[in-house]
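Engineer: Below is target08.tsv; it holds TSV, C-alpha atoms.
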chain	number	residue	atom	x	y	z
K	1	MET	CA	19.09	1.51	-19.23
K	2	SER	CA	17.76	4.22	-16.95
K	3	ASN	CA	19.81	6.79	-18.88
K	4	GLN	CA	18.00	5.96	-22.08
K	5	THR	CA	16.86	9.16	-23.77
K	6	TRP	CA	13.58	9.44	-25.57
K	7	THR	CA	13.19	12.02	-28.35
K	8	PRO	CA	9.90	13.93	-28.46
K	9	THR	CA	8.76	11.68	-31.34
K	10	GLU	CA	9.65	8.58	-29.35
K	11	GLN	CA	7.85	9.95	-26.31
K	12	SER	CA	4.73	10.41	-28.39
K	13	ILE	CA	5.00	6.87	-29.82
K	14	ALA	CA	5.55	5.50	-26.31
K	15	GLN	CA	2.51	7.30	-24.90
K	16	HIS	CA	0.30	6.08	-27.73
K	17	ALA	CA	1.62	2.55	-27.36
K	18	ILE	CA	0.98	2.34	-23.63
K	19	LYS	CA	-2.48	3.80	-24.09
K	20	ALA	CA	-3.29	1.28	-26.84
K	21	ALA	CA	-2.13	-1.62	-24.66
K	22	TYR	CA	-4.19	-0.37	-21.72
K	23	GLN	CA	-7.27	-0.06	-23.89
K	24	ARG	CA	-6.83	-3.59	-25.21
K	25	GLU	CA	-6.48	-5.03	-21.72
K	26	ALA	CA	-9.45	-2.95	-20.50
K	27	LYS	CA	-11.59	-4.14	-23.40
K	28	ALA	CA	-10.71	-7.77	-22.72
K	29	LEU	CA	-11.50	-7.31	-19.03
K	30	ILE	CA	-14.90	-5.75	-19.79
K	31	GLU	CA	-15.78	-8.66	-22.08
K	32	GLU	CA	-14.65	-11.12	-19.44
K	33	ILE	CA	-16.64	-9.45	-16.64
K	34	THR	CA	-19.80	-9.19	-18.72
K	35	LYS	CA	-19.54	-12.87	-19.63
K	36	GLU	CA	-18.81	-13.99	-16.07
K	37	ALA	CA	-21.56	-11.87	-14.54
K	38	ASP	CA	-24.07	-13.44	-16.89
K	39	VAL	CA	-23.61	-16.90	-15.40
K	40	ILE	CA	-23.47	-15.94	-11.70
K	41	GLU	CA	-25.91	-18.05	-9.76
K	42	ASP	CA	-24.76	-17.82	-6.17
K	43	ILE	CA	-23.11	-15.37	-3.82
K	44	HIS	CA	-19.79	-17.23	-3.78
K	45	GLN	CA	-19.40	-16.48	-7.47
K	46	VAL	CA	-20.04	-12.78	-6.68
K	47	TRP	CA	-17.22	-12.76	-4.13
K	48	LYS	CA	-15.00	-14.68	-6.55
K	49	LEU	CA	-15.63	-11.97	-9.14
K	50	HIS	CA	-14.82	-9.37	-6.49
K	51	ASP	CA	-11.52	-11.10	-5.66
K	52	TYR	CA	-10.66	-11.26	-9.33
K	53	LEU	CA	-11.38	-7.55	-9.82
K	54	SER	CA	-9.30	-6.67	-6.74
K	55	ALA	CA	-6.31	-8.56	-8.13
K	56	LYS	CA	-6.78	-7.24	-11.65
K	57	ARG	CA	-7.10	-3.63	-10.49
K	58	HIS	CA	-4.00	-3.86	-8.34
K	59	GLN	CA	-2.09	-5.43	-11.22
K	60	MET	CA	-3.26	-2.92	-13.85
K	61	ASP	CA	-2.66	0.06	-11.56
K	62	GLY	CA	0.92	-1.02	-11.06
K	63	LYS	CA	1.69	-2.17	-14.57
K	64	TYR	CA	0.94	0.85	-16.73
K	65	ASP	CA	3.66	3.08	-15.35
K	66	ASP	CA	4.57	5.50	-18.13
K	67	ARG	CA	7.61	7.06	-16.46
K	68	TYR	CA	10.61	6.78	-18.75
K	69	PRO	CA	13.19	5.04	-16.56
K	70	GLY	CA	11.20	1.83	-16.44
K	71	LEU	CA	9.36	2.07	-19.73
K	72	MET	CA	11.44	-0.55	-21.54
K	73	PHE	CA	10.46	-3.11	-18.88
K	74	VAL	CA	6.82	-2.03	-18.98
K	75	PHE	CA	6.77	-2.49	-22.76
K	76	ALA	CA	8.53	-5.84	-22.49
K	77	ASP	CA	5.94	-7.10	-20.00
K	78	LEU	CA	3.05	-5.84	-22.11
K	79	LEU	CA	4.51	-7.49	-25.23
K	80	LYS	CA	4.86	-10.75	-23.32
K	81	GLU	CA	1.27	-10.56	-22.15
K	82	GLY	CA	0.02	-9.75	-25.63
K	83	TRP	CA	-1.48	-6.32	-24.87
K	84	LEU	CA	1.24	-4.56	-26.82
K	85	ARG	CA	2.43	-5.37	-30.34
K	86	LEU	CA	5.84	-4.56	-31.78
K	87	ASP	CA	3.98	-2.58	-34.44
K	88	ASP	CA	2.85	-0.13	-31.75
K	89	LEU	CA	6.48	0.71	-31.10
K	90	GLN	CA	7.53	1.35	-34.70
K	91	GLY	CA	9.45	4.62	-34.83
K	92	LEU	CA	11.49	3.98	-31.72
K	93	GLU	CA	15.21	3.70	-32.39
K	94	ALA	CA	16.39	0.21	-33.34
K	95	GLU	CA	18.41	-0.22	-30.16
K	96	LYS	CA	15.36	0.34	-27.95
K	97	LEU	CA	13.26	-2.01	-30.05
K	98	SER	CA	15.79	-4.80	-29.84
K	99	LYS	CA	16.24	-4.33	-26.09
K	100	ILE	CA	12.48	-4.44	-25.54
K	101	SER	CA	12.18	-7.58	-27.70
K	102	ALA	CA	15.03	-9.23	-25.81
K	103	LEU	CA	13.50	-8.37	-22.43
K	104	ALA	CA	10.14	-9.72	-23.59
K	105	LYS	CA	11.72	-13.09	-24.27
K	106	MET	CA	13.21	-13.39	-20.78
B	1	MET	CA	-31.26	-7.58	26.19
B	2	SER	CA	-28.07	-9.61	26.13
B	3	ASN	CA	-29.54	-11.96	28.73
B	4	GLN	CA	-32.38	-12.87	26.42
B	5	THR	CA	-32.75	-16.62	26.26
B	6	TRP	CA	-33.66	-18.45	23.12
B	7	THR	CA	-35.41	-21.81	23.34
B	8	PRO	CA	-34.26	-24.52	20.91
B	9	THR	CA	-37.36	-23.84	18.78
B	10	GLU	CA	-36.61	-20.12	18.75
B	11	GLN	CA	-33.00	-20.81	17.86
B	12	SER	CA	-34.14	-22.85	14.89
B	13	ILE	CA	-36.57	-20.11	13.79
B	14	ALA	CA	-33.82	-17.52	14.19
B	15	GLN	CA	-31.33	-19.50	12.11
B	16	HIS	CA	-33.86	-20.04	9.34
B	17	ALA	CA	-34.84	-16.37	9.39
B	18	ILE	CA	-31.30	-15.06	9.12
B	19	LYS	CA	-30.57	-17.52	6.33
B	20	ALA	CA	-33.70	-16.47	4.44
B	21	ALA	CA	-32.77	-12.78	4.75
B	22	TYR	CA	-29.23	-13.46	3.56
B	23	GLN	CA	-30.50	-15.40	0.56
B	24	ARG	CA	-32.88	-12.56	-0.38
B	25	GLU	CA	-30.13	-9.97	-0.17
B	26	ALA	CA	-27.74	-12.25	-2.10
B	27	LYS	CA	-30.35	-12.83	-4.82
B	28	ALA	CA	-30.96	-9.10	-5.17
B	29	LEU	CA	-27.22	-8.46	-5.37
B	30	ILE	CA	-26.76	-11.08	-8.08
B	31	GLU	CA	-29.57	-9.54	-10.14
B	32	GLU	CA	-28.04	-6.09	-9.66
B	33	ILE	CA	-24.53	-7.21	-10.65
B	34	THR	CA	-25.74	-9.07	-13.73
B	35	LYS	CA	-27.71	-6.02	-14.84
B	36	GLU	CA	-24.86	-3.59	-14.19
B	37	ALA	CA	-22.23	-5.76	-15.86
B	38	ASP	CA	-24.36	-5.90	-18.99
B	39	VAL	CA	-24.06	-2.16	-19.61
B	40	ILE	CA	-20.38	-1.71	-18.77
B	41	GLU	CA	-18.67	0.15	-21.57
B	42	ASP	CA	-15.49	1.51	-20.05
B	43	ILE	CA	-12.94	0.59	-17.43
B	44	HIS	CA	-14.14	3.25	-14.96
B	45	GLN	CA	-17.44	1.41	-14.71
B	46	VAL	CA	-15.50	-1.79	-13.97
B	47	TRP	CA	-13.71	-0.10	-11.06
B	48	LYS	CA	-16.98	1.41	-9.90
B	49	LEU	CA	-18.49	-2.09	-9.81
B	50	HIS	CA	-15.42	-3.26	-7.89
B	51	ASP	CA	-15.84	-0.45	-5.33
B	52	TYR	CA	-19.50	-1.33	-4.95
B	53	LEU	CA	-18.72	-5.02	-4.40
B	54	SER	CA	-16.03	-4.14	-1.83
B	55	ALA	CA	-18.51	-2.06	0.16
B	56	LYS	CA	-21.31	-4.60	-0.18
B	57	ARG	CA	-19.10	-7.51	0.87
B	58	HIS	CA	-17.81	-5.65	3.91
B	59	GLN	CA	-21.35	-4.70	4.86
B	60	MET	CA	-22.83	-8.18	4.37
B	61	ASP	CA	-19.94	-9.88	6.18
B	62	GLY	CA	-20.57	-7.71	9.21
B	63	LYS	CA	-24.33	-7.67	9.16
B	64	TYR	CA	-25.31	-11.34	9.28
B	65	ASP	CA	-23.93	-12.07	12.72
B	66	ASP	CA	-26.02	-14.92	14.12
B	67	ARG	CA	-24.62	-14.85	17.66
B	68	TYR	CA	-27.47	-14.53	20.12
B	69	PRO	CA	-26.50	-11.49	22.18
B	70	GLY	CA	-26.90	-9.15	19.22
B	71	LEU	CA	-29.50	-11.04	17.25
B	72	MET	CA	-32.42	-8.73	18.11
B	73	PHE	CA	-30.49	-5.82	16.59
B	74	VAL	CA	-29.50	-7.87	13.56
B	75	PHE	CA	-33.14	-8.78	12.96
B	76	ALA	CA	-34.25	-5.19	13.48
B	77	ASP	CA	-31.74	-3.94	10.89
B	78	LEU	CA	-32.73	-6.62	8.41
B	79	LEU	CA	-36.42	-5.82	8.88
B	80	LYS	CA	-35.71	-2.15	8.29
B	81	GLU	CA	-33.79	-2.95	5.12
B	82	GLY	CA	-36.53	-5.25	3.87
B	83	TRP	CA	-34.47	-8.47	3.73
B	84	LEU	CA	-36.35	-9.94	6.66
B	85	ARG	CA	-40.13	-10.11	7.15
B	86	LEU	CA	-41.96	-10.35	10.45
B	87	ASP	CA	-43.45	-13.59	9.11
B	88	ASP	CA	-39.98	-15.14	9.17
B	89	LEU	CA	-39.91	-14.63	12.93
B	90	GLN	CA	-43.28	-16.17	13.74
B	91	GLY	CA	-42.84	-18.56	16.64
B	92	LEU	CA	-40.55	-16.31	18.66
B	93	GLU	CA	-42.06	-15.23	21.98
B	94	ALA	CA	-44.23	-12.12	21.80
B	95	GLU	CA	-41.80	-10.04	23.86
B	96	LYS	CA	-38.95	-10.65	21.43
B	97	LEU	CA	-41.16	-9.88	18.44
B	98	SER	CA	-42.33	-6.59	19.87
B	99	LYS	CA	-38.79	-5.57	20.82
B	100	ILE	CA	-37.51	-6.36	17.34
B	101	SER	CA	-40.39	-4.41	15.77
B	102	ALA	CA	-39.72	-1.46	18.06
B	103	LEU	CA	-36.00	-1.48	17.28
B	104	ALA	CA	-36.75	-1.65	13.55
B	105	LYS	CA	-38.73	1.57	13.81
B	106	MET	CA	-35.88	3.49	15.44
Can you dump the structure from the file as structure tokens?
Structural biologist:
Amino acid sequence: MSNQTWTPTEQSIAQHAIKAAYQREAKALIEEITKEADVIEDIHQVWKLHDYLSAKRHQMDGKYDDRYPGLMFVFADLLKEGWLRLDDLQGLEAEKLSKISALAKM
Amino acid sequence: MSNQTWTPTEQSIAQHAIKAAYQREAKALIEEITKEADVIEDIHQVWKLHDYLSAKRHQMDGKYDDRYPGLMFVFADLLKEGWLRLDDLQGLEAEKLSKISALAKM
């Protein structure tokens, strides 16, 4: 799968798709943080929020890798997590789409 | 100064004082976090909040060291930062109080 070629159109679709997924996850995180911060009453909850942000940042930094060799796996993971929709990938060749869908079900 | 002795009454005053200072700093941090989280609009602000919490946690973990050899310095720092008040230390012997005050002015 690492020899998969991406046409310029597909590259553009892929870049838009990964950006859209990132923005959705970022938006959800912002909503979550705002909500959680509103009900903080003691310092342990502050450190819990800090731990959560540490984990989330590490995870998001690693996950949105837009280099082509691993992109099918990145898309599959994002589909599974709900940040990416198959609609975002429309325009990719059918073989890529079916591979991504199959990986997402694993 | 490391040979300073603390009577049981002074030890009790010291423990209450350090706890009071910690609670004031914690309360201020909670208010700050709640306020900041309310105006977060993009993911960079989330990571900025995370960086701030990392620094603050590291700093607070190190600062509130209630072991007696260094306690005069701890109190001096907390006085300087405003989390501790001289009132909290009333009951300590005059020599300790004046040393702490002097250190806080350095």
Engineer: Return as a PyMOL selection string the residues belonging to chain K that are within 9 Å of chain B, counting all atoms listed in the file.
Structural biologist: chain K and resi 23+26-27+29-31+33-43+46-47+49-50+53-54+57
Engineer: One decimal, Å: what's the distance from CA of Arg24 (chain K) over to CA of Gly82 (chain K), could you say?
Structural biologist: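 These atoms are spaced 9.2 Å apart.
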Engineer: Determine the axis-aligned bounding box of all atoms of region 5-16 of chain B present in the file, pad each side by 5 Å, and express its centre and edge lengths in Å to one decimal place as AutoDock Vina command-line options.
Structural biologist:
--center_x -34.3 --center_y -20.6 --center_z 17.8 --size_x 16.0 --size_y 17.9 --size_z 26.9
Engineer: Write out as a compact mmCIF listing (two decimals) with C-alpha atoms, in the frame of the given file which residues come within 7 Å of region 10-16 of chain B when counting all atoms listed in the file, dropping same-chain ones fewer than 3 positions away.
Structural biologist:
# COMPACT_ATOMS: atom_id res chain seq x y z
CA TRP B 6 -33.66 -18.45 23.12
CA THR B 7 -35.41 -21.81 23.34
CA LYS B 19 -30.57 -17.52 6.33
CA ALA B 20 -33.70 -16.47 4.44
CA LEU B 89 -39.91 -14.63 12.93
CA GLY B 91 -42.84 -18.56 16.64
CA LEU B 92 -40.55 -16.31 18.66
Engineer: Please measure the separation of CA of Ala17 (chain K) and CA of Leu97 (chain K), giving the value in Å to one decimal.
Structural biologist: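 Taking CA of Ala17 (chain K) as the start and CA of Leu97 (chain K) as the end point, the length is 12.8 Å.
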Engineer: If you measure from CA of Arg85 (chain K) to CA of Ala55 (chain K), what distance in Å do you get, rounded to one decimal?
Structural biologist: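 Between CA of Arg85 (chain K) and CA of Ala55 (chain K) the gap works out to 24.1 Å.
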Engineer: Can I get N, CA, C and O atoms for region 52-81 of chain B, as a PDB file, in the first residue's frame?
Structural biologist:
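To be explicit, this is the file written out as result16.pdb:
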ATOM      1  N   TYR B  52       0.615  26.345  29.837  1.00  0.00           N
ATOM      2  CA  TYR B  52       0.522  27.123  31.070  1.00  0.00           C
ATOM      3  C   TYR B  52       0.304  26.202  32.273  1.00  0.00           C
ATOM      4  O   TYR B  52       0.949  26.355  33.321  1.00  0.00           O
ATOM      5  N   LEU B  53      -0.604  25.221  32.111  1.00  0.00           N
ATOM      6  CA  LEU B  53      -0.876  24.282  33.199  1.00  0.00           C
ATOM      7  C   LEU B  53       0.346  23.414  33.513  1.00  0.00           C
ATOM      8  O   LEU B  53       0.618  23.094  34.669  1.00  0.00           O
ATOM      9  N   SER B  54       1.094  23.041  32.466  1.00  0.00           N
ATOM     10  CA  SER B  54       2.312  22.245  32.685  1.00  0.00           C
ATOM     11  C   SER B  54       3.298  23.014  33.551  1.00  0.00           C
ATOM     12  O   SER B  54       3.858  22.478  34.515  1.00  0.00           O
ATOM     13  N   ALA B  55       3.501  24.292  33.204  1.00  0.00           N
ATOM     14  CA  ALA B  55       4.447  25.126  33.940  1.00  0.00           C
ATOM     15  C   ALA B  55       3.974  25.348  35.373  1.00  0.00           C
ATOM     16  O   ALA B  55       4.732  25.220  36.333  1.00  0.00           O
ATOM     17  N   LYS B  56       2.694  25.664  35.498  1.00  0.00           N
ATOM     18  CA  LYS B  56       2.106  25.955  36.804  1.00  0.00           C
ATOM     19  C   LYS B  56       2.162  24.732  37.730  1.00  0.00           C
ATOM     20  O   LYS B  56       2.471  24.842  38.913  1.00  0.00           O
ATOM     21  N   ARG B  57       1.884  23.567  37.164  1.00  0.00           N
ATOM     22  CA  ARG B  57       1.886  22.347  37.969  1.00  0.00           C
ATOM     23  C   ARG B  57       3.297  22.032  38.464  1.00  0.00           C
ATOM     24  O   ARG B  57       3.510  21.698  39.624  1.00  0.00           O
ATOM     25  N   HIS B  58       4.243  22.167  37.558  1.00  0.00           N
ATOM     26  CA  HIS B  58       5.648  21.917  37.904  1.00  0.00           C
ATOM     27  C   HIS B  58       6.081  22.869  39.027  1.00  0.00           C
ATOM     28  O   HIS B  58       6.718  22.466  40.004  1.00  0.00           O
ATOM     29  N   GLN B  59       5.694  24.115  38.863  1.00  0.00           N
ATOM     30  CA  GLN B  59       6.068  25.157  39.814  1.00  0.00           C
ATOM     31  C   GLN B  59       5.413  24.915  41.192  1.00  0.00           C
ATOM     32  O   GLN B  59       6.074  24.971  42.226  1.00  0.00           O
ATOM     33  N   MET B  60       4.122  24.615  41.171  1.00  0.00           N
ATOM     34  CA  MET B  60       3.405  24.410  42.438  1.00  0.00           C
ATOM     35  C   MET B  60       3.844  23.121  43.134  1.00  0.00           C
ATOM     36  O   MET B  60       3.919  23.060  44.355  1.00  0.00           O
ATOM     37  N   ASP B  61       4.145  22.090  42.342  1.00  0.00           N
ATOM     38  CA  ASP B  61       4.620  20.834  42.936  1.00  0.00           C
ATOM     39  C   ASP B  61       5.932  21.050  43.681  1.00  0.00           C
ATOM     40  O   ASP B  61       6.175  20.455  44.725  1.00  0.00           O
ATOM     41  N   GLY B  62       6.773  21.902  43.120  1.00  0.00           N
ATOM     42  CA  GLY B  62       8.083  22.125  43.727  1.00  0.00           C
ATOM     43  C   GLY B  62       8.046  23.097  44.886  1.00  0.00           C
ATOM     44  O   GLY B  62       8.823  22.991  45.836  1.00  0.00           O
ATOM     45  N   LYS B  63       7.120  24.035  44.811  1.00  0.00           N
ATOM     46  CA  LYS B  63       7.159  25.168  45.728  1.00  0.00           C
ATOM     47  C   LYS B  63       6.681  24.855  47.141  1.00  0.00           C
ATOM     48  O   LYS B  63       7.243  25.346  48.115  1.00  0.00           O
ATOM     49  N   TYR B  64       5.617  24.059  47.235  1.00  0.00           N
ATOM     50  CA  TYR B  64       5.002  23.817  48.550  1.00  0.00           C
ATOM     51  C   TYR B  64       5.674  22.644  49.275  1.00  0.00           C
ATOM     52  O   TYR B  64       5.037  21.629  49.539  1.00  0.00           O
ATOM     53  N   ASP B  65       6.924  22.809  49.553  1.00  0.00           N
ATOM     54  CA  ASP B  65       7.690  21.771  50.232  1.00  0.00           C
ATOM     55  C   ASP B  65       7.659  22.079  51.727  1.00  0.00           C
ATOM     56  O   ASP B  65       8.263  23.047  52.185  1.00  0.00           O
ATOM     57  N   ASP B  66       6.943  21.247  52.492  1.00  0.00           N
ATOM     58  CA  ASP B  66       6.743  21.581  53.908  1.00  0.00           C
ATOM     59  C   ASP B  66       7.764  20.916  54.839  1.00  0.00           C
ATOM     60  O   ASP B  66       7.527  20.777  56.033  1.00  0.00           O
ATOM     61  N   ARG B  67       8.899  20.507  54.274  1.00  0.00           N
ATOM     62  CA  ARG B  67       9.940  19.957  55.158  1.00  0.00           C
ATOM     63  C   ARG B  67      10.646  21.115  55.851  1.00  0.00           C
ATOM     64  O   ARG B  67      10.926  22.153  55.228  1.00  0.00           O
ATOM     65  N   TYR B  68      10.961  20.927  57.121  1.00  0.00           N
ATOM     66  CA  TYR B  68      11.401  22.050  57.945  1.00  0.00           C
ATOM     67  C   TYR B  68      12.712  22.729  57.536  1.00  0.00           C
ATOM     68  O   TYR B  68      12.804  23.956  57.642  1.00  0.00           O
ATOM     69  N   PRO B  69      13.701  22.000  57.055  1.00  0.00           N
ATOM     70  CA  PRO B  69      14.955  22.711  56.773  1.00  0.00           C
ATOM     71  C   PRO B  69      14.791  23.895  55.815  1.00  0.00           C
ATOM     72  O   PRO B  69      15.445  24.916  55.978  1.00  0.00           O
ATOM     73  N   GLY B  70      13.883  23.760  54.855  1.00  0.00           N
ATOM     74  CA  GLY B  70      13.770  24.839  53.862  1.00  0.00           C
ATOM     75  C   GLY B  70      12.558  25.725  54.046  1.00  0.00           C
ATOM     76  O   GLY B  70      12.281  26.604  53.219  1.00  0.00           O
ATOM     77  N   LEU B  71      11.841  25.499  55.125  1.00  0.00           N
ATOM     78  CA  LEU B  71      10.532  26.135  55.282  1.00  0.00           C
ATOM     79  C   LEU B  71      10.585  27.666  55.329  1.00  0.00           C
ATOM     80  O   LEU B  71       9.675  28.341  54.814  1.00  0.00           O
ATOM     81  N   MET B  72      11.658  28.215  55.907  1.00  0.00           N
ATOM     82  CA  MET B  72      11.782  29.679  55.976  1.00  0.00           C
ATOM     83  C   MET B  72      11.825  30.264  54.556  1.00  0.00           C
ATOM     84  O   MET B  72      11.247  31.314  54.290  1.00  0.00           O
ATOM     85  N   PHE B  73      12.522  29.569  53.672  1.00  0.00           N
ATOM     86  CA  PHE B  73      12.628  30.039  52.285  1.00  0.00           C
ATOM     87  C   PHE B  73      11.300  29.881  51.543  1.00  0.00           C
ATOM     88  O   PHE B  73      10.915  30.724  50.752  1.00  0.00           O
ATOM     89  N   VAL B  74      10.638  28.766  51.835  1.00  0.00           N
ATOM     90  CA  VAL B  74       9.323  28.528  51.221  1.00  0.00           C
ATOM     91  C   VAL B  74       8.365  29.648  51.624  1.00  0.00           C
ATOM     92  O   VAL B  74       7.703  30.259  50.772  1.00  0.00           O
ATOM     93  N   PHE B  75       8.349  29.957  52.922  1.00  0.00           N
ATOM     94  CA  PHE B  75       7.459  31.017  53.411  1.00  0.00           C
ATOM     95  C   PHE B  75       7.839  32.373  52.808  1.00  0.00           C
ATOM     96  O   PHE B  75       6.960  33.157  52.430  1.00  0.00           O
ATOM     97  N   ALA B  76       9.131  32.624  52.713  1.00  0.00           N
ATOM     98  CA  ALA B  76       9.579  33.899  52.151  1.00  0.00           C
ATOM     99  C   ALA B  76       9.103  34.042  50.703  1.00  0.00           C
ATOM    100  O   ALA B  76       8.581  35.094  50.302  1.00  0.00           O
ATOM    101  N   ASP B  77       9.244  32.961  49.923  1.00  0.00           N
ATOM    102  CA  ASP B  77       8.792  33.006  48.521  1.00  0.00           C
ATOM    103  C   ASP B  77       7.286  33.230  48.435  1.00  0.00           C
ATOM    104  O   ASP B  77       6.800  34.003  47.604  1.00  0.00           O
ATOM    105  N   LEU B  78       6.557  32.524  49.293  1.00  0.00           N
ATOM    106  CA  LEU B  78       5.095  32.630  49.245  1.00  0.00           C
ATOM    107  C   LEU B  78       4.612  34.013  49.684  1.00  0.00           C
ATOM    108  O   LEU B  78       3.640  34.539  49.137  1.00  0.00           O
ATOM    109  N   LEU B  79       5.331  34.606  50.640  1.00  0.00           N
ATOM    110  CA  LEU B  79       5.021  35.980  51.052  1.00  0.00           C
ATOM    111  C   LEU B  79       5.226  36.932  49.883  1.00  0.00           C
ATOM    112  O   LEU B  79       4.381  37.773  49.574  1.00  0.00           O
ATOM    113  N   LYS B  80       6.377  36.752  49.229  1.00  0.00           N
ATOM    114  CA  LYS B  80       6.742  37.616  48.099  1.00  0.00           C
ATOM    115  C   LYS B  80       5.689  37.520  46.990  1.00  0.00           C
ATOM    116  O   LYS B  80       5.330  38.504  46.363  1.00  0.00           O
ATOM    117  N   GLU B  81       5.205  36.311  46.767  1.00  0.00           N
ATOM    118  CA  GLU B  81       4.229  36.102  45.691  1.00  0.00           C
ATOM    119  C   GLU B  81       2.807  36.492  46.106  1.00  0.00           C
ATOM    120  O   GLU B  81       1.906  36.526  45.262  1.00  0.00           O
TER     121      GLU B  81
END
